[in-house]
file input16.txt (compact mmCIF, C-alpha atoms)
# COMPACT_ATOMS: atom_id res chain seq x y z
CA MET T 131 10.58 -29.97 22.28
CA SER T 132 7.52 -28.58 24.04
CA CYS T 133 6.59 -24.88 23.91
CA ARG T 134 7.49 -24.50 27.57
CA ARG T 135 10.95 -25.97 27.08
CA LEU T 136 11.50 -23.88 23.97
CA LYS T 137 10.52 -20.76 25.92
CA ASP T 138 12.90 -21.72 28.73
CA TRP T 139 15.68 -22.40 26.21
CA PHE T 140 15.37 -18.85 24.87
CA GLY T 141 14.82 -17.42 28.36
CA GLU T 142 18.13 -18.86 29.58
CA ARG T 143 20.01 -17.25 26.73
CA TYR T 144 18.12 -14.01 26.08
CA ASP T 145 16.18 -11.61 28.27
CA THR T 146 12.77 -12.44 26.81
CA ASP T 147 10.95 -11.23 29.93
CA ALA T 148 12.32 -7.73 29.34
CA LEU T 149 10.87 -7.79 25.82
CA GLY T 150 7.50 -8.84 27.21
CA ALA T 151 7.65 -6.07 29.81
CA LEU T 152 8.52 -3.56 27.08
CA ALA T 153 5.53 -4.70 25.00
CA ARG T 154 3.26 -4.31 28.04
CA LEU T 155 4.59 -0.78 28.67
CA LYS T 156 3.86 0.49 25.18
CA THR T 157 0.65 2.47 25.03
CA VAL T 158 -1.26 4.28 22.30
CA PRO T 159 -3.31 7.47 22.72
CA SER T 160 -7.06 7.13 22.81
CA HIS T 161 -9.12 9.86 21.10
CA ARG T 162 -11.72 10.57 18.41
CA PHE T 163 -9.37 9.95 15.48
CA ASP T 164 -7.44 6.94 16.83
CA ALA T 165 -8.96 4.64 14.15
CA TRP T 166 -6.53 6.19 11.64
CA TYR T 167 -3.63 4.55 13.51
CA LEU T 168 -4.79 1.23 12.04
CA ALA T 169 -3.83 2.32 8.50
CA GLY T 170 -0.12 2.03 9.36
CA GLY T 171 -0.43 -1.55 10.61
CA LEU T 172 -2.58 -2.48 7.63
CA THR T 173 0.06 -1.15 5.23
CA LEU T 174 2.68 -3.28 6.94
CA PHE T 175 0.42 -6.33 6.72
CA LEU T 176 -0.11 -5.78 2.98
CA PHE T 177 3.62 -5.31 2.40
CA VAL T 178 4.35 -8.64 4.09
CA PHE T 179 1.54 -10.23 2.05
CA GLN T 180 3.11 -8.88 -1.16
CA PHE T 181 6.51 -10.26 -0.17
CA ILE T 182 5.05 -13.74 0.38
CA THR T 183 2.97 -13.92 -2.81
CA GLY T 184 5.79 -12.27 -4.78
CA MET T 185 8.30 -14.89 -3.61
CA ALA T 186 5.95 -17.66 -4.75
CA LEU T 187 5.55 -16.05 -8.20
CA ALA T 188 9.29 -15.41 -8.55
CA LEU T 189 9.90 -19.17 -8.42
CA TYR T 190 8.23 -19.57 -11.82
CA TYR T 191 8.59 -16.21 -13.57
CA ILE T 192 11.21 -15.95 -16.35
CA PRO T 193 12.62 -12.41 -16.68
CA HIS T 194 13.38 -12.49 -20.39
CA ALA T 195 11.57 -10.66 -23.17
CA GLU T 196 11.04 -13.90 -25.09
CA HIS T 197 9.68 -15.93 -22.19
CA ALA T 198 8.22 -13.49 -19.63
CA HIS T 199 4.71 -13.37 -21.09
CA LYS T 200 4.59 -17.12 -21.66
CA SER T 201 5.82 -17.82 -18.11
CA ILE T 202 2.94 -15.79 -16.68
CA ILE T 203 0.44 -17.64 -18.87
CA ASP T 204 1.96 -20.89 -17.56
CA ILE T 205 1.68 -19.67 -13.95
CA VAL T 206 -1.99 -18.85 -14.48
CA THR T 207 -3.06 -21.84 -16.55
CA LYS T 208 -0.74 -24.71 -15.63
CA LEU T 209 0.31 -24.29 -12.02
CA ASN T 210 -1.90 -25.45 -9.23
CA MET T 211 -3.41 -22.27 -7.67
CA GLY T 212 -1.04 -20.18 -9.80
CA TRP T 213 -3.93 -17.98 -10.98
CA LEU T 214 -4.86 -17.30 -7.34
CA PHE T 215 -1.34 -16.28 -6.32
CA ARG T 216 -1.01 -13.94 -9.29
CA SER T 217 -4.44 -12.46 -8.63
CA LEU T 218 -3.67 -12.03 -4.92
CA HIS T 219 -0.38 -10.31 -5.76
CA HIS T 220 -2.15 -7.98 -8.19
CA TRP T 221 -4.93 -7.00 -5.79
CA GLY T 222 -2.52 -6.87 -2.85
CA ALA T 223 -0.53 -4.25 -4.75
CA GLN T 224 -3.65 -2.19 -5.49
CA LEU T 225 -4.78 -2.29 -1.87
CA ALA T 226 -1.28 -1.63 -0.47
CA ILE T 227 -0.96 1.55 -2.52
CA LEU T 228 -4.52 2.60 -1.69
CA VAL T 229 -3.97 2.08 2.06
CA LEU T 230 -0.65 3.87 1.84
CA PHE T 231 -2.36 6.87 0.22
CA ILE T 232 -5.00 6.81 3.00
CA HIS T 233 -2.22 6.63 5.62
CA VAL T 234 -0.31 9.54 4.04
CA PHE T 235 -3.39 11.77 3.70
CA SER T 236 -4.61 10.99 7.23
CA THR T 237 -1.12 11.86 8.55
CA LEU T 238 -1.21 15.07 6.55
CA LEU T 239 -4.66 16.18 7.69
CA LEU T 240 -4.10 15.22 11.35
CA LYS T 241 -0.71 17.05 11.23
CA ALA T 242 1.07 13.96 12.57
CA TYR T 243 4.17 15.15 10.68
CA ARG T 244 4.76 18.07 13.03
CA LYS T 245 7.86 18.43 15.19
CA PRO T 246 9.51 16.10 16.26
CA ARG T 247 8.12 13.63 13.70
CA GLU T 248 9.45 15.15 10.47
CA LEU T 249 11.62 12.11 9.73
CA VAL T 250 8.63 9.80 10.19
CA TRP T 251 6.86 11.78 7.44
CA PHE T 252 9.91 11.75 5.15
CA THR T 253 10.43 7.99 5.47
CA GLY T 254 6.69 7.42 4.93
CA PHE T 255 6.76 9.53 1.78
CA VAL T 256 9.78 7.58 0.48
CA MET T 257 7.79 4.38 1.08
CA LEU T 258 4.91 5.76 -0.98
CA ALA T 259 7.28 6.60 -3.83
CA ILE T 260 8.86 3.14 -3.59
CA SER T 261 5.42 1.48 -3.63
CA ILE T 262 4.41 3.35 -6.76
CA PHE T 263 7.64 2.29 -8.46
CA PHE T 264 6.98 -1.24 -7.21
CA GLY T 265 3.58 -1.06 -8.91
CA LEU T 266 4.99 0.23 -12.19
CA SER T 267 7.87 -2.26 -12.31
CA GLY T 268 5.58 -5.16 -11.39
CA TYR T 269 3.04 -4.18 -14.04
CA PHE T 270 5.78 -4.18 -16.68
CA LEU T 271 6.89 -7.72 -15.81
CA LEU T 272 3.67 -8.92 -17.41
CA TRP T 273 5.22 -7.91 -20.76
CA ASP T 274 1.88 -7.44 -22.51
CA GLU T 275 1.07 -4.61 -24.89
CA ARG T 276 -0.71 -2.46 -22.29
CA ALA T 277 2.11 -2.74 -19.76
CA PHE T 278 4.62 -2.01 -22.49
CA ALA T 279 2.79 1.15 -23.59
CA ALA T 280 2.31 2.26 -19.96
CA VAL T 281 6.02 1.97 -19.20
CA ARG T 282 6.92 3.73 -22.44
CA VAL T 283 4.63 6.65 -21.41
CA ALA T 284 5.83 6.69 -17.77
CA THR T 285 9.54 6.59 -18.57
CA GLY T 286 8.96 9.11 -21.38
CA GLY T 287 7.25 11.37 -18.84
CA ALA T 288 10.24 11.11 -16.51
CA GLY T 289 12.37 12.10 -19.51
CA GLY T 290 10.40 15.36 -19.70
CA LEU T 291 12.01 16.60 -16.47
CA PRO T 292 14.42 19.46 -17.10
CA LEU T 293 18.17 18.77 -16.73
CA VAL T 294 18.01 15.23 -15.26
CA GLY T 295 15.09 13.87 -17.33
CA GLY T 296 17.23 12.30 -20.06
CA LEU T 297 19.49 10.66 -17.51
CA ILE T 298 16.56 9.18 -15.53
CA LYS T 299 14.87 7.96 -18.71
CA GLY T 300 18.05 6.31 -19.99
CA PHE T 301 18.73 4.73 -16.60
CA LEU T 302 15.21 3.31 -16.28
CA ARG T 303 15.01 2.05 -19.86
CA GLY T 304 18.55 0.75 -20.07
CA GLY T 305 18.78 2.32 -23.53
CA ILE T 306 17.03 4.75 -25.84
CA ASP T 307 13.72 2.88 -26.00
CA VAL T 308 11.80 0.34 -23.91
CA THR T 309 13.26 -3.09 -24.75
CA GLY T 310 14.20 -6.39 -23.14
CA GLU T 311 16.93 -4.47 -21.31
CA THR T 312 14.20 -2.48 -19.57
CA LEU T 313 12.55 -5.74 -18.50
CA THR T 314 15.82 -6.93 -16.94
CA ARG T 315 16.21 -3.64 -15.09
CA PHE T 316 12.62 -3.56 -13.88
CA TYR T 317 12.91 -7.16 -12.71
CA ALA T 318 16.06 -6.28 -10.74
CA PHE T 319 14.27 -3.29 -9.21
CA HIS T 320 11.14 -5.28 -8.43
CA VAL T 321 12.68 -8.34 -6.80
CA ALA T 322 16.00 -7.12 -5.37
CA ILE T 323 16.60 -3.39 -5.10
CA LEU T 324 13.16 -2.15 -4.07
CA PRO T 325 12.51 -4.93 -1.50
CA LEU T 326 15.86 -4.20 0.18
CA VAL T 327 15.22 -0.46 0.24
CA THR T 328 11.68 -1.12 1.51
CA ILE T 329 12.96 -3.25 4.40
CA VAL T 330 15.48 -0.58 5.41
CA VAL T 331 13.07 2.37 5.09
CA THR T 332 10.16 0.52 6.73
CA GLY T 333 12.43 -0.56 9.60
CA LEU T 334 13.56 3.02 10.09
CA HIS T 335 9.96 4.27 9.89
CA ILE T 336 8.79 1.79 12.54
CA LEU T 337 11.78 2.54 14.74
CA LEU T 338 11.03 6.26 14.59
CA VAL T 339 7.36 5.65 15.38
CA GLN T 340 8.41 3.62 18.45
CA LEU T 341 10.84 6.35 19.48
CA HIS T 342 8.37 9.22 19.22
CA GLY T 343 5.17 7.32 20.01
CA MET T 344 1.89 7.92 18.18
CA SER T 345 1.08 11.53 17.39
CA VAL T 346 -2.02 13.10 18.94
CA PRO T 347 -3.84 15.74 16.84
CA LEU T 348 -3.66 19.25 18.37
CA SER T 349 -7.43 19.42 18.66
CA GLN T 350 -7.47 16.21 20.72
CA GLU T 351 -4.63 16.90 23.13
CA GLU T 352 -6.99 18.13 25.85
CA LYS T 353 -9.77 15.68 25.05
CA GLN T 354 -7.92 12.36 24.89
CA GLY T 355 -8.86 9.53 27.18
CA ARG T 356 -6.71 7.12 29.16
CA PRO T 357 -3.98 5.66 26.87
CA GLU T 358 -4.63 2.09 25.75
CA PRO T 359 -1.95 -0.61 25.95
CA PHE T 360 -0.64 -1.59 22.52
CA PHE T 361 -0.69 -5.22 23.50
CA PRO T 362 -3.27 -6.66 23.46
CA ASN T 363 -5.78 -3.83 22.79
CA LEU T 364 -4.44 -2.24 19.60
CA PHE T 365 -2.94 -5.54 18.47
CA TYR T 366 -6.38 -7.18 18.55
CA LYS T 367 -7.91 -4.27 16.65
CA ASP T 368 -5.12 -4.58 14.07
CA LEU T 369 -5.81 -8.29 13.81
CA ILE T 370 -9.51 -7.70 13.11
CA VAL T 371 -8.71 -5.18 10.37
CA TRP T 372 -6.08 -7.50 8.84
CA LEU T 373 -8.50 -10.42 8.76
CA ILE T 374 -11.22 -8.37 7.07
CA CYS T 375 -8.67 -6.99 4.60
CA LEU T 376 -7.51 -10.55 3.85
CA GLY T 377 -11.12 -11.54 3.17
CA VAL T 378 -11.64 -8.58 0.83
CA LEU T 379 -8.34 -9.34 -0.90
CA VAL T 380 -9.18 -12.99 -1.52
CA THR T 381 -12.68 -12.04 -2.70
CA LEU T 382 -11.32 -9.49 -5.18
CA ALA T 383 -8.72 -12.01 -6.36
CA VAL T 384 -11.37 -14.68 -6.97
CA VAL T 385 -14.12 -12.50 -8.41
CA PHE T 386 -11.95 -10.15 -10.50
CA PRO T 387 -8.79 -11.99 -11.59
CA PRO T 388 -6.55 -9.63 -13.62
CA GLU T 389 -6.35 -10.21 -17.35
CA ILE T 390 -3.33 -11.00 -19.43
CA GLY T 391 -3.23 -9.10 -22.71
CA ARG T 392 -1.40 -9.90 -25.92
CA LYS T 393 2.37 -10.22 -25.78
CA ALA T 394 4.19 -6.90 -26.16
CA ASP T 395 5.55 -6.05 -29.58
CA PRO T 396 8.09 -3.21 -29.42
CA LEU T 397 7.46 -2.35 -33.08
CA ALA T 398 3.65 -2.25 -32.85
CA PRO T 399 1.79 1.03 -32.16
CA ALA T 400 0.32 1.53 -28.67
CA PRO T 401 -3.18 0.02 -28.28
CA GLU T 402 -6.09 2.50 -28.33
CA ASN T 403 -7.63 3.94 -25.18
CA ILE T 404 -4.86 2.78 -22.88
CA LYS T 405 -4.89 4.13 -19.37
CA PRO T 406 -2.25 3.97 -16.69
CA GLU T 407 -2.84 2.28 -13.33
CA TRP T 408 -5.29 4.18 -11.11
CA TYR T 409 -2.55 5.78 -8.99
CA PHE T 410 -1.09 7.47 -12.08
CA LEU T 411 -4.46 8.73 -13.37
CA PHE T 412 -4.19 12.11 -11.62
CA LEU T 413 -0.85 12.72 -13.31
CA PHE T 414 -2.20 11.52 -16.66
CA GLN T 415 -5.21 13.81 -16.33
CA THR T 416 -3.06 16.78 -15.27
CA LEU T 417 -0.84 16.33 -18.32
CA LYS T 418 -3.94 16.49 -20.51
CA LEU T 419 -4.76 19.95 -19.13
CA PHE T 420 -1.65 21.46 -20.66
CA PRO T 421 -1.45 22.45 -24.35
CA GLY T 422 1.34 21.15 -26.58
CA GLU T 423 3.15 24.48 -26.43
CA MET T 424 3.09 27.23 -23.81
CA LEU T 425 5.02 30.51 -23.91
CA GLY T 426 7.24 29.09 -26.61
CA MET T 427 8.13 26.07 -24.47
CA ASN T 428 7.10 22.43 -24.57
CA GLY T 429 3.80 22.13 -22.63
CA GLU T 430 4.65 18.66 -21.33
CA THR T 431 7.95 19.86 -19.87
CA ILE T 432 6.16 22.72 -18.09
CA ALA T 433 3.49 20.33 -16.76
CA ILE T 434 6.05 17.81 -15.47
CA THR T 435 8.09 20.60 -13.85
CA LEU T 436 5.01 21.97 -12.09
CA ILE T 437 3.90 18.50 -10.95
CA SER T 438 7.41 17.78 -9.62
CA ALA T 439 7.38 21.11 -7.74
CA ALA T 440 3.97 20.26 -6.21
CA ILE T 441 5.23 16.80 -5.14
CA LEU T 442 8.39 18.36 -3.66
CA PHE T 443 6.28 20.85 -1.71
CA PHE T 444 4.13 17.96 -0.43
CA PHE T 445 7.28 16.15 0.69
CA LEU T 446 8.62 19.24 2.50
CA ILE T 447 5.36 20.23 4.22
CA PRO T 448 6.75 19.53 7.76
CA ILE T 449 9.44 22.14 7.11
CA PHE T 450 7.05 24.77 5.73
CA ASP T 451 4.38 24.31 8.41
CA ARG T 452 6.04 26.34 11.18
CA ARG T 453 2.82 26.93 13.16
CA SER T 454 2.22 23.21 13.66
CA ALA T 455 5.86 22.75 14.64
CA ALA T 456 5.32 25.38 17.34
CA GLY T 457 2.26 23.54 18.64
CA ARG T 458 -0.25 26.02 17.21
CA ARG T 459 -3.12 25.34 14.83
CA SER T 460 -2.35 25.90 11.15
CA PRO T 461 -5.58 26.08 9.14
CA LEU T 462 -3.67 27.08 5.99
CA PHE T 463 -1.96 23.69 5.88
CA THR T 464 -5.23 21.93 6.59
CA TRP T 465 -6.62 23.63 3.49
CA ILE T 466 -3.50 22.77 1.51
CA GLY T 467 -3.82 19.12 2.60
CA ALA T 468 -7.53 19.12 1.71
CA PHE T 469 -6.70 20.63 -1.68
CA TYR T 470 -4.15 17.89 -2.42
CA LEU T 471 -6.63 15.20 -1.38
CA ILE T 472 -9.52 16.67 -3.40
CA TYR T 473 -7.32 17.25 -6.45
CA PHE T 474 -5.98 13.69 -6.33
CA THR T 475 -9.45 12.18 -5.87
CA VAL T 476 -11.24 14.33 -8.48
CA MET T 477 -8.53 13.91 -11.13
CA THR T 478 -8.41 10.15 -10.52
CA ILE T 479 -12.20 9.88 -10.91
CA ILE T 480 -12.20 12.04 -14.06
CA GLY T 481 -9.34 10.03 -15.54
CA PHE T 482 -11.17 6.84 -14.65
CA LEU T 483 -14.51 7.89 -16.20
CA THR T 484 -13.27 9.56 -19.39
CA MET Z 257 -18.31 7.70 8.23
CA LEU Z 258 -15.31 5.36 8.05
CA ARG Z 259 -17.59 2.52 7.01
CA ALA Z 260 -19.17 4.62 4.22
CA PHE Z 261 -15.69 5.61 3.06
CA LEU Z 262 -14.54 1.98 2.92
CA ILE Z 263 -17.67 0.99 0.96
CA VAL Z 264 -17.00 3.76 -1.60
CA VAL Z 265 -13.38 2.62 -1.94
CA PHE Z 266 -14.46 -1.00 -2.38
CA PHE Z 267 -16.85 -0.14 -5.22
CA PHE Z 268 -14.27 2.19 -6.76
CA LEU Z 269 -11.78 -0.68 -7.01
CA ILE Z 270 -14.40 -2.98 -8.49
CA GLY Z 271 -15.45 -0.31 -11.00
CA GLU Z 272 -11.84 0.26 -11.96
CA THR Z 273 -11.53 -3.34 -13.04
CA VAL Z 274 -14.79 -3.34 -14.94
CA LEU Z 275 -14.27 -0.02 -16.74
CA CYS Z 276 -10.55 -0.31 -17.42
CA GLY Z 277 -10.88 -3.90 -18.47
CA GLY Z 278 -10.74 -3.00 -22.15
CA ALA Z 279 -10.84 -5.77 -24.73
CA GLU Z 280 -11.96 -9.28 -23.94
CA PRO Z 281 -9.37 -11.42 -22.16
CA LYS Z 282 -6.95 -13.35 -24.32
CA VAL Z 283 -6.03 -15.88 -21.65
CA GLU Z 284 -8.35 -17.54 -19.15
CA ALA Z 285 -7.20 -15.99 -15.88
CA PHE Z 286 -9.65 -18.12 -13.88
CA PRO Z 287 -10.48 -21.83 -14.09
CA SER Z 288 -13.27 -22.22 -16.65
CA ALA Z 289 -14.67 -25.64 -15.73
CA PRO Z 290 -18.02 -25.24 -13.89
CA TYR Z 291 -16.99 -27.80 -11.24
CA ASP Z 292 -13.73 -25.95 -10.49
CA ARG Z 293 -15.60 -22.66 -10.25
CA HIS Z 294 -18.13 -24.18 -7.90
CA ILE Z 295 -15.37 -25.51 -5.63
CA ILE Z 296 -13.60 -22.13 -5.63
CA TYR Z 297 -16.73 -20.16 -4.73
CA GLN Z 298 -17.59 -22.73 -2.07
CA ALA Z 299 -14.08 -22.35 -0.59
CA LEU Z 300 -14.50 -18.57 -0.66
CA VAL Z 301 -17.72 -18.80 1.36
CA LEU Z 302 -16.04 -21.11 3.90
CA PHE Z 303 -13.08 -18.74 4.07
CA TRP Z 304 -15.40 -15.84 4.93
CA ILE Z 305 -17.18 -17.92 7.56
CA GLY Z 306 -13.78 -18.66 9.13
CA ILE Z 307 -12.80 -15.00 9.04
CA MET Z 308 -16.08 -13.86 10.58
CA GLY Z 309 -15.72 -16.51 13.32
CA LEU Z 310 -12.21 -15.29 14.16
CA VAL Z 311 -13.33 -11.65 14.09
CA VAL Z 312 -16.17 -12.40 16.50
CA ILE Z 313 -13.82 -14.26 18.90
CA ILE Z 314 -11.22 -11.46 18.84
CA ALA Z 315 -13.92 -8.80 19.27
CA MET Z 316 -15.32 -10.67 22.30
CA LYS Z 317 -11.83 -10.94 23.77
CA LEU Z 318 -11.26 -7.22 23.18
CA ARG Z 319 -14.56 -6.37 24.81
CA GLU Z 320 -13.64 -8.42 27.86
CA ILE Z 321 -10.23 -6.70 28.15
CA ARG Z 322 -11.96 -3.31 27.93
CA ARG Z 323 -14.52 -4.30 30.58
CA VAL Z 324 -11.78 -5.41 32.99
CA ARG Z 325 -9.85 -2.22 32.29
CA LYS Z 326 -12.93 -0.07 32.84
CA MET Z 327 -13.42 -1.71 36.23
CA GLY Z 328 -9.80 -0.82 37.06
CA ILE Z 329 -8.78 -4.35 38.04
CA ASP Z 330 -6.29 -4.83 35.22
CA GLU Z 331 -3.37 -3.38 37.18
CA GLU Z 332 -1.84 -5.07 40.18
CA GLU Z 333 -1.81 -3.02 43.37
CA GLU Z 334 1.68 -2.14 44.52
CA ASP Z 335 1.03 -2.95 48.20
CA ALA Z 336 -0.95 -6.12 47.55
CA PRO Z 337 0.04 -8.95 49.92
CA PHE Z 338 2.13 -11.64 48.30
CA LEU Z 339 0.32 -14.97 48.37
CA ASP Z 340 2.47 -18.01 48.05
call {"tool": "encode", "arguments": {"input": "input16.txt", "output": "structure tokens"}}
result
Amino acid sequence: MSCRRLKDWFGERYDTDALGALARLKTVPSHRFDAWYLAGGLTLFLFVFQFITGMALALYYIPHAEHAHKSIIDIVTKLNMGWLFRSLHHWGAQLAILVLFIHVFSTLLLKAYRKPRELVWFTGFVMLAISIFFGLSGYFLLWDERAFAAVRVATGGAGGLPLVGGLIKGFLRGGIDVTGETLTRFYAFHVAILPLVTIVVTGLHILLVQLHGMSVPLSQEEKQGRPEPFFPNLFYKDLIVWLICLGVLVTLAVVFPPEIGRKADPLAPAPENIKPEWYFLFLFQTLKLFPGEMLGMNGETIAITLISAAILFFFLIPIFDRRSAAGRRSPLFTWIGAFYLIYFTVMTIIGFLT
Amino acid sequence: MLRAFLIVVFFFLIGETVLCGGAEPKVEAFPSAPYDRHIIYQALVLFWIGIMGLVVIIAMKLREIRRVRKMGIDEEEEDAPFLD
């Protein structure tokens, strides 16, 4: 069947012309900061990329404590291009989380969360949390000693939360300690639960963005130019960014393939100088700032409570920032956003260098 | 500024791998035979050439769309005569 006939076949059954007209009607604002709009599309591209490479890896991975590590070694050493798929999946995850952080901070500093886009911010934040959990669960599937120690520390940290900490820790670990049960749970999260939640939340996020349109920063409302059509203008720009990102991704995957450490031994002590993944370094470094005991209480519990409060405040910023919601400038929240960004960056760099 | 930011991020990610690498790898995560490596690097160069070619074509297309739009001839006039 030729393309023309296929198009006619669909056209006779569905109103495809209306869809085309809708795509032509969609416009995006044009102003000084419009390049930041590309971060959203790039995140979506990387998510799709992760789904594809992840599906290929899932065909060969064995989610069992006895075989998981060996199955990854087999993927890397025995399968044709297996090393490339694993490396692409690893670097895709790093870049997806990095781009998501850039997207969140640009939204925060440009106040794109302000009324009526609060739900867009909330769904975006949930996606960031899901991505970080994706990263942690995926890292653990490697079942090497570093991943094992990292998950023991991360789930132990969650256990430090007052009231619900023990429950969360037990739920994540599937028992008292990190074992093969934890691997089963993390596998279920990584390949079934999180992807489904991601599809639902991402769909809702995109739907809300379409409903509200792109946000224009307050400072640019008077200065913006003629809106650009989404298709083909922004679509072509997106395509250029995606292609360059794909090139960078493949280069990183080829030049810096991720290592595979020794198989995890639940009875062995944690290896020396272990560090969490880069997106946990700011938390790791913050925990180090607190002494073992403060005011007669456990220092770690205080630190985790404070960090949780700071994350909750970050999540609820659209509700607290009343001036932005009223269409007025709110320099206080610009400073708060800048503080979060600087703190995250500085603590990550310190954690990375020390 | 955006370009400088992306360069910093790129080197940060590379540095992360180098510094956090830790002990020497236990498993070869990359084909070790010199011929295989040569083929892979050659394919990477070709891949980049393909990407740059596509980027140039799309950028030219985008420039043309912008030029037409700037001239104001991208929208059909409402009272234009219908030519059969």
call {"tool": "interface_residues", "arguments": {"input": "input16.txt", "of": "chain Z", "to": "chain T", "cutoff": "7 Å", "atoms": "all atoms listed in the file", "output": "MDAnalysis selection string"}}
result
chainID Z and resid 281:283 285:286 304 307 311 314 318
call {"tool": "atom_distance", "arguments": {"input": "input16.txt", "atom1": "CA of Val250 (chain T)", "atom2": "CA of Arg459 (chain T)"}}
result
20.0 Å
call {"tool": "residues_near_point", "arguments": {"input": "input16.txt", "point": "(-0.6, -1.9, 5.1)", "cutoff": "9 Å", "atoms": "all atoms listed in the file", "output": "ChimeraX atom specification"}}
result
/T:168-178,225-227,229-230,233,372
call {"tool": "atom_distance", "arguments": {"input": "input16.txt", "atom1": "CA of Arg247 (chain T)", "atom2": "CA of His342 (chain T)"}}
result
7.1 Å
call {"tool": "residues_around", "arguments": {"input": "input16.txt", "residues": "region 291-297 of chain T", "least_positions_apart": "5", "cutoff": "9 Å", "atoms": "only C-alpha atoms", "output": "PDB file with C-alpha atoms, in the coordinates of the input"}}
result
ATOM      1  CA  GLY T 286       8.960   9.110 -21.380  1.00  0.00           C
ATOM      2  CA  LEU T 302      15.210   3.310 -16.280  1.00  0.00           C
ATOM      3  CA  THR T 431       7.950  19.860 -19.870  1.00  0.00           C
ATOM      4  CA  ILE T 432       6.160  22.720 -18.090  1.00  0.00           C
ATOM      5  CA  ILE T 434       6.050  17.810 -15.470  1.00  0.00           C
ATOM      6  CA  THR T 435       8.090  20.600 -13.850  1.00  0.00           C
ATOM      7  CA  SER T 438       7.410  17.780  -9.620  1.00  0.00           C
TER       8      SER T 438
END
call {"tool": "atom_distance", "arguments": {"input": "input16.txt", "atom1": "CA of Ile295 (chain Z)", "atom2": "CA of Leu209 (chain T)"}}
result
17.0 Å
call {"tool": "residues_around", "arguments": {"input": "input16.txt", "residues": "Phe278 (chain T)", "least_positions_apart": "4", "cutoff": "8 Å", "atoms": "only C-alpha atoms", "output": "MDAnalysis selection string"}}
result
chainID T and resid 270 273:274 282 308 394 396
call {"tool": "closest_residue", "arguments": {"input": "input16.txt", "among": "T:Asp395, T:Glu311, T:Asp368, T:Asp164", "to": "Ala315 (chain Z)", "atoms": "only C-alpha atoms"}}
result
T:Asp368
